[in-house]
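Below is structure-v4.txt, holding compact mmCIF, C-alpha atoms.
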```txt
# COMPACT_ATOMS: atom_id res chain seq x y z
CA MET A 12 12.41 93.34 -39.09
CA ASN A 13 13.69 89.79 -39.56
CA THR A 14 11.31 87.22 -41.00
CA PRO A 15 10.76 84.17 -38.72
CA THR A 16 12.42 81.01 -40.08
CA ILE A 17 9.74 78.51 -39.14
CA LYS A 18 9.16 75.80 -41.71
CA PRO A 19 5.72 74.49 -42.73
CA GLY A 20 4.66 71.64 -40.48
CA GLN A 21 6.60 72.82 -37.42
CA VAL A 22 3.51 74.38 -35.82
CA PRO A 23 0.67 72.00 -34.84
CA LYS A 24 -2.33 72.42 -37.12
CA ARG A 25 -5.22 74.39 -35.65
CA HIS A 26 -8.39 75.72 -37.20
CA TYR A 27 -10.28 78.94 -36.40
CA LEU A 28 -13.93 78.12 -36.98
CA GLN A 29 -15.56 79.71 -33.93
CA PHE A 30 -14.51 82.44 -31.52
CA LYS A 31 -14.32 79.94 -28.67
CA ASP A 32 -11.59 77.99 -30.52
CA LEU A 33 -9.02 80.21 -28.78
CA SER A 34 -8.57 81.05 -25.11
CA ALA A 35 -8.58 84.46 -23.43
CA GLU A 36 -4.81 84.23 -23.03
CA GLU A 37 -4.39 83.49 -26.74
CA TYR A 38 -6.58 86.47 -27.60
CA ASP A 39 -4.38 88.68 -25.43
CA TYR A 40 -1.43 87.54 -27.50
CA LEU A 41 -3.26 87.94 -30.83
CA LEU A 42 -4.50 91.43 -30.02
CA GLY A 43 -0.99 92.43 -29.03
CA ARG A 44 0.40 91.07 -32.29
CA ALA A 45 -2.31 92.89 -34.26
CA THR A 46 -1.27 96.13 -32.57
CA LEU A 47 2.36 95.65 -33.62
CA ILE A 48 1.45 94.56 -37.14
CA LYS A 49 -0.84 97.55 -37.61
CA LYS A 50 1.88 99.89 -36.33
CA ARG A 51 4.32 98.50 -38.89
CA PHE A 52 1.74 98.92 -41.62
CA LYS A 53 1.13 102.55 -40.67
CA ASN A 54 4.87 103.22 -40.56
CA TYR A 55 5.46 101.56 -43.95
CA GLU A 56 7.75 98.99 -42.34
CA LYS A 57 8.19 95.88 -44.45
CA TYR A 58 7.28 92.74 -42.54
CA THR A 59 6.94 89.53 -44.53
CA PRO A 60 6.82 86.54 -42.14
CA LEU A 61 4.53 84.61 -44.51
CA PHE A 62 6.90 84.76 -47.48
CA ASP A 63 6.35 81.79 -49.79
CA ARG A 64 3.11 80.82 -48.03
CA THR A 65 -0.17 80.60 -49.95
CA LEU A 66 -3.69 81.40 -48.80
CA ALA A 67 -6.66 79.84 -50.62
CA MET A 68 -9.86 81.86 -50.28
CA ILE A 69 -13.09 80.00 -51.01
CA PHE A 70 -16.23 82.08 -51.46
CA GLU A 71 -19.70 80.59 -51.63
CA LYS A 72 -21.05 83.89 -50.28
CA ALA A 73 -20.14 87.18 -51.94
CA SER A 74 -17.80 89.50 -50.08
CA THR A 75 -16.13 92.90 -50.13
CA ARG A 76 -14.42 93.37 -46.76
CA THR A 77 -13.54 89.70 -46.24
CA ARG A 78 -11.88 89.37 -49.63
CA VAL A 79 -9.98 92.66 -49.55
CA SER A 80 -8.83 92.27 -45.94
CA PHE A 81 -7.55 88.71 -46.35
CA GLU A 82 -6.06 89.23 -49.81
CA ALA A 83 -4.34 92.54 -49.06
CA GLY A 84 -3.22 91.24 -45.68
CA MET A 85 -1.63 88.09 -47.08
CA TYR A 86 0.22 90.04 -49.77
CA GLN A 87 1.47 92.53 -47.18
CA MET A 88 2.79 89.64 -45.10
CA GLY A 89 4.75 88.38 -48.11
CA GLY A 90 2.48 85.52 -49.17
CA SER A 91 0.31 84.82 -52.20
CA VAL A 92 -3.40 84.24 -52.65
CA VAL A 93 -5.61 81.91 -54.69
CA ASN A 94 -9.23 83.03 -54.97
CA LEU A 95 -11.92 80.39 -55.62
CA THR A 96 -15.69 80.62 -55.96
CA SER A 97 -18.28 77.90 -56.42
CA GLY A 98 -18.79 79.19 -59.96
CA ASP A 99 -15.23 78.75 -61.16
CA SER A 100 -14.20 75.55 -59.38
CA GLN A 101 -15.42 72.01 -58.76
CA LEU A 102 -16.93 73.22 -55.48
CA GLY A 103 -20.06 74.14 -57.41
CA ARG A 104 -20.13 70.94 -59.45
CA ALA A 105 -21.06 68.36 -56.85
CA GLU A 106 -17.53 67.35 -55.86
CA PRO A 107 -17.68 66.22 -52.24
CA ILE A 108 -16.33 68.91 -49.96
CA GLU A 109 -14.13 66.31 -48.31
CA ASP A 110 -12.39 65.68 -51.64
CA SER A 111 -11.96 69.39 -52.28
CA ALA A 112 -10.38 69.74 -48.86
CA ARG A 113 -7.96 66.88 -49.44
CA VAL A 114 -6.79 68.35 -52.75
CA ILE A 115 -6.68 72.07 -51.97
CA SER A 116 -4.93 71.61 -48.63
CA ARG A 117 -2.07 69.75 -50.36
CA MET A 118 -1.32 72.81 -52.47
CA VAL A 119 -1.65 75.75 -50.06
CA ASP A 120 -0.69 76.61 -46.48
CA VAL A 121 -3.94 78.04 -45.10
CA VAL A 122 -7.56 78.17 -46.27
CA MET A 123 -10.24 80.80 -45.60
CA ILE A 124 -13.84 79.81 -46.36
CA ARG A 125 -16.94 82.04 -46.51
CA THR A 126 -19.98 79.84 -46.91
CA PHE A 127 -23.52 79.08 -45.74
CA GLU A 128 -24.04 76.16 -43.32
CA HIS A 129 -21.35 75.84 -40.67
CA THR A 130 -21.32 72.09 -41.23
CA LYS A 131 -19.63 72.74 -44.60
CA ILE A 132 -16.61 74.41 -43.09
CA GLU A 133 -16.44 71.77 -40.37
CA ALA A 134 -16.38 69.03 -43.01
CA PHE A 135 -13.66 70.84 -44.96
CA ALA A 136 -11.55 71.37 -41.84
CA ALA A 137 -11.89 67.72 -40.82
CA HIS A 138 -10.21 66.68 -44.08
CA SER A 139 -7.73 69.54 -44.45
CA ARG A 140 -4.00 69.19 -43.90
CA VAL A 141 -3.66 72.92 -43.19
CA PRO A 142 -5.38 75.49 -40.93
CA VAL A 143 -8.88 76.55 -41.97
CA ILE A 144 -10.29 79.98 -41.05
CA ASN A 145 -13.98 80.83 -40.93
CA GLY A 146 -14.56 83.94 -43.07
CA LEU A 147 -18.29 83.72 -42.24
CA THR A 148 -20.97 81.04 -41.97
CA ASN A 149 -24.67 81.28 -41.22
CA GLU A 150 -23.90 80.53 -37.58
CA TYR A 151 -20.64 82.36 -36.79
CA HIS A 152 -18.42 85.25 -37.85
CA PRO A 153 -15.34 85.05 -35.59
CA CYS A 154 -12.95 87.22 -37.62
CA GLN A 155 -15.39 90.13 -37.48
CA ILE A 156 -15.79 89.94 -33.72
CA LEU A 157 -12.02 89.64 -33.35
CA ALA A 158 -11.74 92.93 -35.26
CA ASP A 159 -14.51 94.49 -33.17
CA VAL A 160 -12.84 93.57 -29.89
CA PHE A 161 -9.52 94.90 -31.20
CA THR A 162 -11.21 98.15 -32.21
CA TYR A 163 -12.78 98.55 -28.78
CA ASN A 164 -9.41 97.95 -27.12
CA GLU A 165 -7.80 100.58 -29.36
CA HIS A 166 -10.31 103.23 -28.37
CA ARG A 167 -11.25 102.36 -24.79
CA GLY A 168 -8.86 99.76 -23.40
CA SER A 169 -9.74 96.21 -22.38
CA ILE A 170 -13.28 95.03 -23.04
CA ARG A 171 -13.18 92.79 -19.96
CA GLY A 172 -15.90 93.75 -17.48
CA LYS A 173 -17.67 96.02 -19.96
CA VAL A 174 -21.23 95.85 -21.35
CA VAL A 175 -21.87 95.27 -25.07
CA ALA A 176 -25.41 95.81 -26.36
CA TRP A 177 -26.52 93.81 -29.38
CA VAL A 178 -29.65 95.24 -31.05
CA GLY A 179 -31.30 93.36 -33.91
CA ASP A 180 -31.19 89.88 -35.39
CA GLY A 181 -30.06 86.88 -33.33
CA ASN A 182 -27.74 85.90 -36.18
CA ASN A 183 -24.15 84.74 -36.68
CA MET A 184 -22.83 88.03 -35.30
CA ALA A 185 -24.95 87.72 -32.16
CA ASN A 186 -23.86 84.11 -31.67
CA THR A 187 -20.22 85.10 -31.94
CA TRP A 188 -20.58 88.08 -29.60
CA LEU A 189 -22.06 85.63 -27.10
CA GLN A 190 -19.01 83.38 -27.39
CA ALA A 191 -16.71 86.39 -27.04
CA ALA A 192 -18.47 87.49 -23.84
CA ASP A 193 -18.01 84.00 -22.44
CA VAL A 194 -14.31 83.80 -23.36
CA LEU A 195 -13.22 87.38 -22.66
CA GLY A 196 -15.27 88.16 -19.58
CA PHE A 197 -17.70 90.90 -20.51
CA THR A 198 -21.51 91.07 -20.44
CA LEU A 199 -23.64 90.94 -23.57
CA HIS A 200 -27.04 92.65 -23.54
CA VAL A 201 -29.25 91.30 -26.31
CA SER A 202 -32.53 92.62 -27.69
CA THR A 203 -34.15 91.00 -30.71
CA PRO A 204 -37.69 90.95 -32.11
CA SER A 205 -39.85 87.98 -31.18
CA GLY A 206 -39.00 85.03 -33.36
CA TYR A 207 -35.42 86.18 -34.02
CA GLU A 208 -33.87 85.39 -30.63
CA ILE A 209 -30.35 84.14 -30.03
CA ASP A 210 -29.89 80.45 -29.35
CA ALA A 211 -27.39 79.91 -26.54
CA LYS A 212 -27.15 76.24 -27.55
CA VAL A 213 -25.82 77.24 -30.98
CA ALA A 214 -23.19 79.46 -29.41
CA GLY A 215 -22.34 76.76 -26.88
CA VAL A 216 -21.32 79.10 -24.06
CA SER A 217 -20.22 77.70 -20.72
CA ASN A 218 -21.27 80.73 -18.63
CA GLN A 219 -24.91 81.65 -19.16
CA SER A 220 -24.55 84.67 -16.84
CA CYS A 221 -22.51 86.49 -19.50
CA VAL A 222 -25.71 87.31 -21.42
CA LYS A 223 -28.83 89.26 -20.47
CA VAL A 224 -31.86 89.37 -22.75
CA PHE A 225 -34.18 92.40 -23.02
CA ASP A 226 -37.49 92.77 -24.82
CA ASN A 227 -36.94 96.51 -25.22
CA PRO A 228 -33.79 97.54 -27.13
CA MET A 229 -33.61 100.76 -25.09
CA ASP A 230 -33.15 98.68 -21.94
CA ALA A 231 -30.42 96.64 -23.63
CA CYS A 232 -28.50 99.84 -24.42
CA ARG A 233 -28.83 101.28 -20.94
CA GLY A 234 -25.33 101.64 -19.47
CA ALA A 235 -23.64 99.96 -22.43
CA HIS A 236 -20.03 100.73 -23.34
CA LEU A 237 -20.55 99.49 -26.89
CA VAL A 238 -23.72 99.34 -29.00
CA THR A 239 -23.62 97.26 -32.15
CA THR A 240 -25.98 95.88 -34.76
CA ASP A 241 -26.20 94.28 -38.20
CA VAL A 242 -28.49 94.34 -41.23
CA TRP A 243 -32.01 93.11 -40.67
CA THR A 244 -31.81 90.66 -43.57
CA SER A 245 -28.56 88.74 -43.82
CA MET A 246 -27.30 87.13 -47.01
CA GLY A 247 -29.28 84.00 -47.76
CA TYR A 248 -32.47 85.26 -46.07
CA GLU A 249 -33.63 87.66 -48.79
CA ALA A 250 -36.99 85.88 -49.15
CA GLU A 251 -37.81 87.02 -45.59
CA ASN A 252 -37.00 90.67 -46.23
CA GLU A 253 -40.57 92.04 -46.18
CA ALA A 254 -41.46 90.21 -42.97
CA ARG A 255 -38.21 91.28 -41.36
CA GLN A 256 -38.77 94.94 -42.24
CA LYS A 257 -42.00 94.85 -40.24
CA ALA A 258 -40.66 92.79 -37.35
CA PHE A 259 -37.51 94.90 -36.83
CA ALA A 260 -39.10 98.35 -37.13
CA ASP A 261 -38.50 99.16 -33.44
CA TRP A 262 -34.93 97.82 -33.44
CA ARG A 263 -33.28 100.65 -35.38
CA VAL A 264 -30.30 102.03 -33.44
CA ASP A 265 -30.91 105.75 -32.96
CA ARG A 266 -29.63 108.65 -30.86
CA ASP A 267 -32.08 107.87 -28.05
CA MET A 268 -30.49 104.44 -27.58
CA LEU A 269 -27.01 105.92 -27.44
CA ALA A 270 -28.25 108.58 -25.00
CA VAL A 271 -28.98 105.95 -22.32
CA ALA A 272 -25.63 104.21 -22.83
CA GLN A 273 -22.32 105.31 -21.31
CA PRO A 274 -21.32 108.90 -22.23
CA ASP A 275 -18.31 107.58 -24.18
CA VAL A 276 -20.21 104.71 -25.81
CA LEU A 277 -18.91 103.38 -29.12
CA PHE A 278 -21.08 102.29 -32.03
CA MET A 279 -20.08 99.47 -34.38
CA HIS A 280 -21.58 97.81 -37.44
CA CYS A 281 -19.93 95.03 -39.46
CA LEU A 282 -21.17 96.56 -42.74
CA PRO A 283 -22.66 96.89 -45.28
CA ALA A 284 -25.12 99.21 -43.53
CA HIS A 285 -28.55 100.43 -44.54
CA ARG A 286 -29.06 103.90 -43.11
CA GLY A 287 -32.66 104.37 -42.06
CA GLU A 288 -33.16 100.64 -41.45
CA GLU A 289 -31.05 99.02 -38.74
CA VAL A 290 -29.27 102.28 -37.89
CA ASP A 291 -29.95 105.99 -38.30
CA ALA A 292 -27.51 107.98 -40.41
CA ASP A 293 -26.66 110.35 -37.57
CA VAL A 294 -25.53 107.35 -35.49
CA ILE A 295 -23.34 105.53 -38.00
CA ASP A 296 -21.91 108.81 -39.27
CA GLY A 297 -21.86 110.42 -35.83
CA PRO A 298 -19.13 110.99 -33.21
CA HIS A 299 -19.65 107.68 -31.40
CA SER A 300 -19.19 105.59 -34.55
CA VAL A 301 -15.93 103.72 -35.17
CA VAL A 302 -17.16 101.61 -38.09
CA TRP A 303 -14.37 102.65 -40.46
CA ASP A 304 -11.64 101.76 -37.97
CA GLU A 305 -13.55 98.54 -37.36
CA ALA A 306 -13.58 97.71 -41.08
CA GLU A 307 -9.85 98.38 -41.51
CA ASN A 308 -9.00 96.35 -38.44
CA ARG A 309 -10.32 93.20 -40.08
CA MET A 310 -7.10 93.20 -42.09
CA HIS A 311 -4.78 93.71 -39.14
CA VAL A 312 -6.30 91.07 -36.85
CA GLN A 313 -6.48 88.55 -39.69
CA LYS A 314 -2.80 89.11 -40.45
CA ALA A 315 -2.05 88.36 -36.79
CA LEU A 316 -4.33 85.31 -36.91
CA MET A 317 -2.67 83.86 -40.03
CA GLU A 318 0.76 84.50 -38.53
CA TYR A 319 -0.27 82.68 -35.35
CA LEU A 320 -1.81 79.69 -37.10
CA LEU A 321 1.17 79.25 -39.43
CA LEU A 322 4.12 80.31 -37.28
CA GLY A 323 2.92 80.05 -33.71
CA ARG A 324 4.09 82.64 -31.20
CA ILE A 325 6.69 85.10 -32.39
CA GLY A 326 9.37 86.14 -29.91
```
Rewrite the structure of this file - the entire thing - as C-alpha cells.
Amino acid sequence: MNTPTIKPGQVPKRHYLQFKDLSAEEYDYLLGRATLIKKRFKNYEKYTPLFDRTLAMIFEKASTRTRVSFEAGMYQMGGSVVNLTSGDSQLGRAEPIEDSARVISRMVDVVMIRTFEHTKIEAFAAHSRVPVINGLTNEYHPCQILADVFTYNEHRGSIRGKVVAWVGDGNNMANTWLQAADVLGFTLHVSTPSGYEIDAKVAGVSNQSCVKVFDNPMDACRGAHLVTTDVWTSMGYEAENEARQKAFADWRVDRDMLAVAQPDVLFMHCLPAHRGEEVDADVIDGPHSVVWDEAENRMHVQKALMEYLLLGRIG
C-alpha cells in the first residue's frame, strides 16, 4: 500500500475536542477508514501514512487504554510519539497552558491531551499550530464513543435509528453519547440516580428529541439495542466514592436489564470495570458483552482519526 504524499500544512487545521466537531458524513468516512485500517492490521499489511509525523501525548490524568491505543497506533502508522505528564514537564510547574501549546505545537504534528477541565484543552487548542485531540476531559470522551459506535457497526450494522441505553452517572461518557445520538441519528435512553443527571446544556445538542430520560434503569433498557455504563466514581471524584456507592446501588447493569432489551442486545463498558458495582460479572463476561472488541477498537478508530486530521481524505 502506497503512503500518501501529503506534506504538513496542506490540510486545514482541525481539532477533535467534542464528538459534535465532525458531521455524520465525516463519521461515515472515518468509520469506513477504520474498517480498512483494522483489516490491514489483522492481515499484517504494512501501512505507514504518518511516516515522519510526531504525536505528543499529554497526560494530566492517568491512562492505560488511551496511552497504549494512541502510542501503538501512531507507531503502526509509521510515526513517532512523545509522552508528557504534568510531573515531568513544565505543564505541572505553573507555565501557562497557552505557552505550552505555542511551544509544543511547533515541534510535533498532532497533540493528544487527557486532562481534567475541558477549558484546559480548549485553551491549548486555541494556541496550537497543529490538530489537538481530546483523549478525555471531565466533560467529554469523544474517542471512546467513536470506538463504541464503530464496535456497534461491526457487530450489528449502522447505529442510526437504534436505541442506546445509558445506565449510571451523567458524566463525560453520557454527555458524549448524547452528542453522538444528535449527530448520528439514534435515540439515547438515560437513567441516572437523582443528583447525577445529564446536562443537555453541557452536551449542547441541537435535537432534544434524541434523548429520553427514565427514573428506572429497567425502563431505560427496555427495547434497547445497546446497553452501556461506566464506573460509579470517575477519576477526580474519589472523595465522593462512599456517597456514590449508596446512590448508585440500583443502577448496576444485570441480567434482568438485558432481558428487557432486544434479544441481540450488546453490552459495552469503556473500562476499567468493577464487577459487582456498576455491572455484574455475568453481564460483562457474558455472551452479549463486546467490551474487549470495544477496547481494541480505540486504536483503530484513533488511527483513522489521526490520518484524517493530518492527511485529509485518502483516495
Determine the nearest neighbour of Met184 (chain A) from the options A:Pro204, A:Ser169, A:Leu282, A:Gly98, counting only C-alpha atoms. A:Leu282
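Considering all atoms listed in the file, the residue among A:His129, A:Arg167, A:Lys24, A:Lys173 positioned nearest to Val222 (chain A) is A:Lys173.
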If you count all atoms listed in the file, which residues fall within 7 Å of region 286-301 of chain A, apart from same-chain ones fewer than 6 positions away, as JSON, numbers by chain? {"A": [241, 242, 243, 262, 263, 264, 265, 266, 276, 277, 278, 279]}
Which is closest to Asp226 (chain A) among A:Ala254, A:Leu157, A:Val178, A:Ala185, if we use only C-alpha atoms?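 Under the stated criterion, the closest residue is A:Val178.
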Which residue is closest to Ala67 (chain A)? Choose from A:Asn54, A:Ser111, A:Thr198, A:Asn227 and count only C-alpha atoms.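 With only C-alpha atoms as the atom set, the closest residue is A:Ser111.
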Could you work out an axis-aligned bounding box for all listed atoms of region 203-222 of chain A, with 3 Å added on each of the six sides, and give its centre and edge lengths in Å to one decimal, as JSON?
```
{"center_x": -30.0, "center_y": 83.6, "center_z": -25.4, "size_x": 25.6, "size_y": 20.8, "size_z": 23.2}
```
Between A:Ala136, A:Val119, A:Ile325, A:Ala45, single out the one closest to Tyr27 (chain A), counting all atoms listed in the file.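 Under the stated criterion, the closest residue is A:Ala136.
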Which one of A:Tyr151, A:Ala158, A:Asp110, A:His166 sits closest to Ser139 (chain A) if you count all atoms listed in the file? A:Asp110
Distance CA of Leu189 (chain A)-CA of Phe225 (chain A), one decimal place? 14.5 Å
Name the residues in contact with Leu47 (chain A) at a cut-off of 12 Å, using all atoms listed in the file, excluding same-chain residues fewer than 2 positions from it; report them as JSON, numbers by chain. {"A": [12, 40, 41, 42, 43, 44, 45, 49, 50, 51, 52, 53, 54, 56, 58, 311, 312, 314, 315, 325]}
Prev. selection, C-alpha atoms, output as a PDB file, keeping the file's coordinate frame:
```pdb
ATOM      1  CA  MET A  12      12.410  93.340 -39.090  1.00  0.00           C
ATOM      2  CA  TYR A  40      -1.430  87.540 -27.500  1.00  0.00           C
ATOM      3  CA  LEU A  41      -3.260  87.940 -30.830  1.00  0.00           C
ATOM      4  CA  LEU A  42      -4.500  91.430 -30.020  1.00  0.00           C
ATOM      5  CA  GLY A  43      -0.990  92.430 -29.030  1.00  0.00           C
ATOM      6  CA  ARG A  44       0.400  91.070 -32.290  1.00  0.00           C
ATOM      7  CA  ALA A  45      -2.310  92.890 -34.260  1.00  0.00           C
ATOM      8  CA  LYS A  49      -0.840  97.550 -37.610  1.00  0.00           C
ATOM      9  CA  LYS A  50       1.880  99.890 -36.330  1.00  0.00           C
ATOM     10  CA  ARG A  51       4.320  98.500 -38.890  1.00  0.00           C
ATOM     11  CA  PHE A  52       1.740  98.920 -41.620  1.00  0.00           C
ATOM     12  CA  LYS A  53       1.130 102.550 -40.670  1.00  0.00           C
ATOM     13  CA  ASN A  54       4.870 103.220 -40.560  1.00  0.00           C
ATOM     14  CA  GLU A  56       7.750  98.990 -42.340  1.00  0.00           C
ATOM     15  CA  TYR A  58       7.280  92.740 -42.540  1.00  0.00           C
ATOM     16  CA  HIS A 311      -4.780  93.710 -39.140  1.00  0.00           C
ATOM     17  CA  VAL A 312      -6.300  91.070 -36.850  1.00  0.00           C
ATOM     18  CA  LYS A 314      -2.800  89.110 -40.450  1.00  0.00           C
ATOM     19  CA  ALA A 315      -2.050  88.360 -36.790  1.00  0.00           C
ATOM     20  CA  ILE A 325       6.690  85.100 -32.390  1.00  0.00           C
TER      21      ILE A 325
END
```
So that I can see what lies close to Asn145 (chain A), please list as an mmCIF file with C-alpha atoms, in the coordinates of the input the residues with an atom at most 12 Å from it, counting only C-alpha atoms and leaving out residues fewer than 4 positions away in the same chain.
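Below is the file around05.cif, written as the result:
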```cif
data_model
loop_
_atom_site.group_PDB
_atom_site.id
_atom_site.type_symbol
_atom_site.label_atom_id
_atom_site.label_comp_id
_atom_site.auth_asym_id
_atom_site.auth_seq_id
_atom_site.Cartn_x
_atom_site.Cartn_y
_atom_site.Cartn_z
ATOM 1 C CA HIS A 26 -8.390 75.720 -37.200
ATOM 2 C CA TYR A 27 -10.280 78.940 -36.400
ATOM 3 C CA LEU A 28 -13.930 78.120 -36.980
ATOM 4 C CA GLN A 29 -15.560 79.710 -33.930
ATOM 5 C CA PHE A 30 -14.510 82.440 -31.520
ATOM 6 C CA ASP A 32 -11.590 77.990 -30.520
ATOM 7 C CA MET A 68 -9.860 81.860 -50.280
ATOM 8 C CA ILE A 69 -13.090 80.000 -51.010
ATOM 9 C CA PHE A 70 -16.230 82.080 -51.460
ATOM 10 C CA THR A 77 -13.540 89.700 -46.240
ATOM 11 C CA PHE A 81 -7.550 88.710 -46.350
ATOM 12 C CA VAL A 121 -3.940 78.040 -45.100
ATOM 13 C CA VAL A 122 -7.560 78.170 -46.270
ATOM 14 C CA MET A 123 -10.240 80.800 -45.600
ATOM 15 C CA ILE A 124 -13.840 79.810 -46.360
ATOM 16 C CA ARG A 125 -16.940 82.040 -46.510
ATOM 17 C CA THR A 126 -19.980 79.840 -46.910
ATOM 18 C CA PHE A 127 -23.520 79.080 -45.740
ATOM 19 C CA GLU A 128 -24.040 76.160 -43.320
ATOM 20 C CA HIS A 129 -21.350 75.840 -40.670
ATOM 21 C CA THR A 130 -21.320 72.090 -41.230
ATOM 22 C CA LYS A 131 -19.630 72.740 -44.600
ATOM 23 C CA ILE A 132 -16.610 74.410 -43.090
ATOM 24 C CA GLU A 133 -16.440 71.770 -40.370
ATOM 25 C CA PHE A 135 -13.660 70.840 -44.960
ATOM 26 C CA ALA A 136 -11.550 71.370 -41.840
ATOM 27 C CA ASN A 149 -24.670 81.280 -41.220
ATOM 28 C CA GLU A 150 -23.900 80.530 -37.580
ATOM 29 C CA TYR A 151 -20.640 82.360 -36.790
ATOM 30 C CA HIS A 152 -18.420 85.250 -37.850
ATOM 31 C CA PRO A 153 -15.340 85.050 -35.590
ATOM 32 C CA CYS A 154 -12.950 87.220 -37.620
ATOM 33 C CA GLN A 155 -15.390 90.130 -37.480
ATOM 34 C CA ILE A 156 -15.790 89.940 -33.720
ATOM 35 C CA LEU A 157 -12.020 89.640 -33.350
ATOM 36 C CA ASN A 183 -24.150 84.740 -36.680
ATOM 37 C CA THR A 187 -20.220 85.100 -31.940
ATOM 38 C CA GLN A 313 -6.480 88.550 -39.690
ATOM 39 C CA LEU A 316 -4.330 85.310 -36.910
ATOM 40 C CA MET A 317 -2.670 83.860 -40.030
#
```
Tell me, in Å to one decimal, how far CA of Thr59 (chain A) is from CA of Tyr38 (chain A).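 Interatomic distance, CA of Thr59 (chain A) to CA of Tyr38 (chain A): 21.9 Å.
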Could you work out how far CA of Thr96 (chain A) lies from CA of Ala191 (chain A), giving the answer in Å with one decimal? 29.5 Å
Can you find the residues with an atom no farther than 9 Å from (-27.9, 91.5, -28.6), counting all atoms listed in the file, and report them as a ChimeraX atom specification? /A:175-181,185-186,188-189,199-203,208-209,222-225,228,231,238-240
For Pro274 (chain A), work out the shell of residues within 10 Å, counting only C-alpha atoms and skipping chain neighbours fewer than 3 positions away, then give it as a PyMOL selection string. chain A and resi 234-236+269-271+277+299
Can you take the partial region 214-232 of chain A, add N, CA and C atoms, and return it as a compact mmCIF listing (two decimals), keeping the file's coordinate frame?
```
# COMPACT_ATOMS: atom_id res chain seq x y z
N ALA A 214 -24.45 78.84 -29.81
CA ALA A 214 -23.19 79.46 -29.41
C ALA A 214 -22.38 78.53 -28.51
N GLY A 215 -23.04 77.72 -27.72
CA GLY A 215 -22.34 76.76 -26.88
C GLY A 215 -21.53 77.40 -25.77
N VAL A 216 -22.07 78.43 -25.11
CA VAL A 216 -21.32 79.10 -24.06
C VAL A 216 -21.35 78.28 -22.78
N SER A 217 -20.30 78.44 -21.98
CA SER A 217 -20.22 77.70 -20.72
C SER A 217 -20.77 78.51 -19.56
N ASN A 218 -20.81 79.85 -19.71
CA ASN A 218 -21.27 80.73 -18.63
C ASN A 218 -22.50 81.50 -19.08
N GLN A 219 -23.67 81.02 -18.72
CA GLN A 219 -24.91 81.65 -19.16
C GLN A 219 -25.09 83.05 -18.56
N SER A 220 -24.39 83.36 -17.48
CA SER A 220 -24.55 84.67 -16.84
C SER A 220 -23.89 85.79 -17.64
N CYS A 221 -23.17 85.46 -18.70
CA CYS A 221 -22.51 86.49 -19.50
C CYS A 221 -23.49 87.19 -20.44
N VAL A 222 -24.72 86.71 -20.52
CA VAL A 222 -25.71 87.31 -21.42
C VAL A 222 -26.99 87.67 -20.67
N LYS A 223 -27.55 88.84 -21.00
CA LYS A 223 -28.83 89.26 -20.47
C LYS A 223 -29.72 89.65 -21.64
N VAL A 224 -30.94 89.17 -21.64
CA VAL A 224 -31.86 89.37 -22.75
C VAL A 224 -32.93 90.39 -22.36
N PHE A 225 -33.22 91.32 -23.26
CA PHE A 225 -34.18 92.40 -23.02
C PHE A 225 -35.20 92.44 -24.16
N ASP A 226 -36.46 92.61 -23.80
CA ASP A 226 -37.49 92.77 -24.82
C ASP A 226 -37.39 94.14 -25.50
N ASN A 227 -37.03 95.15 -24.72
CA ASN A 227 -36.94 96.51 -25.22
C ASN A 227 -35.50 96.85 -25.55
N PRO A 228 -35.18 97.23 -26.78
CA PRO A 228 -33.79 97.54 -27.13
C PRO A 228 -33.22 98.72 -26.34
N MET A 229 -34.08 99.65 -25.90
CA MET A 229 -33.61 100.76 -25.09
C MET A 229 -33.02 100.25 -23.78
N ASP A 230 -33.65 99.25 -23.20
CA ASP A 230 -33.15 98.68 -21.94
C ASP A 230 -31.83 97.96 -22.17
N ALA A 231 -31.68 97.33 -23.33
CA ALA A 231 -30.42 96.64 -23.63
C ALA A 231 -29.27 97.63 -23.72
N CYS A 232 -29.54 98.82 -24.23
CA CYS A 232 -28.50 99.84 -24.42
C CYS A 232 -28.16 100.59 -23.15
```
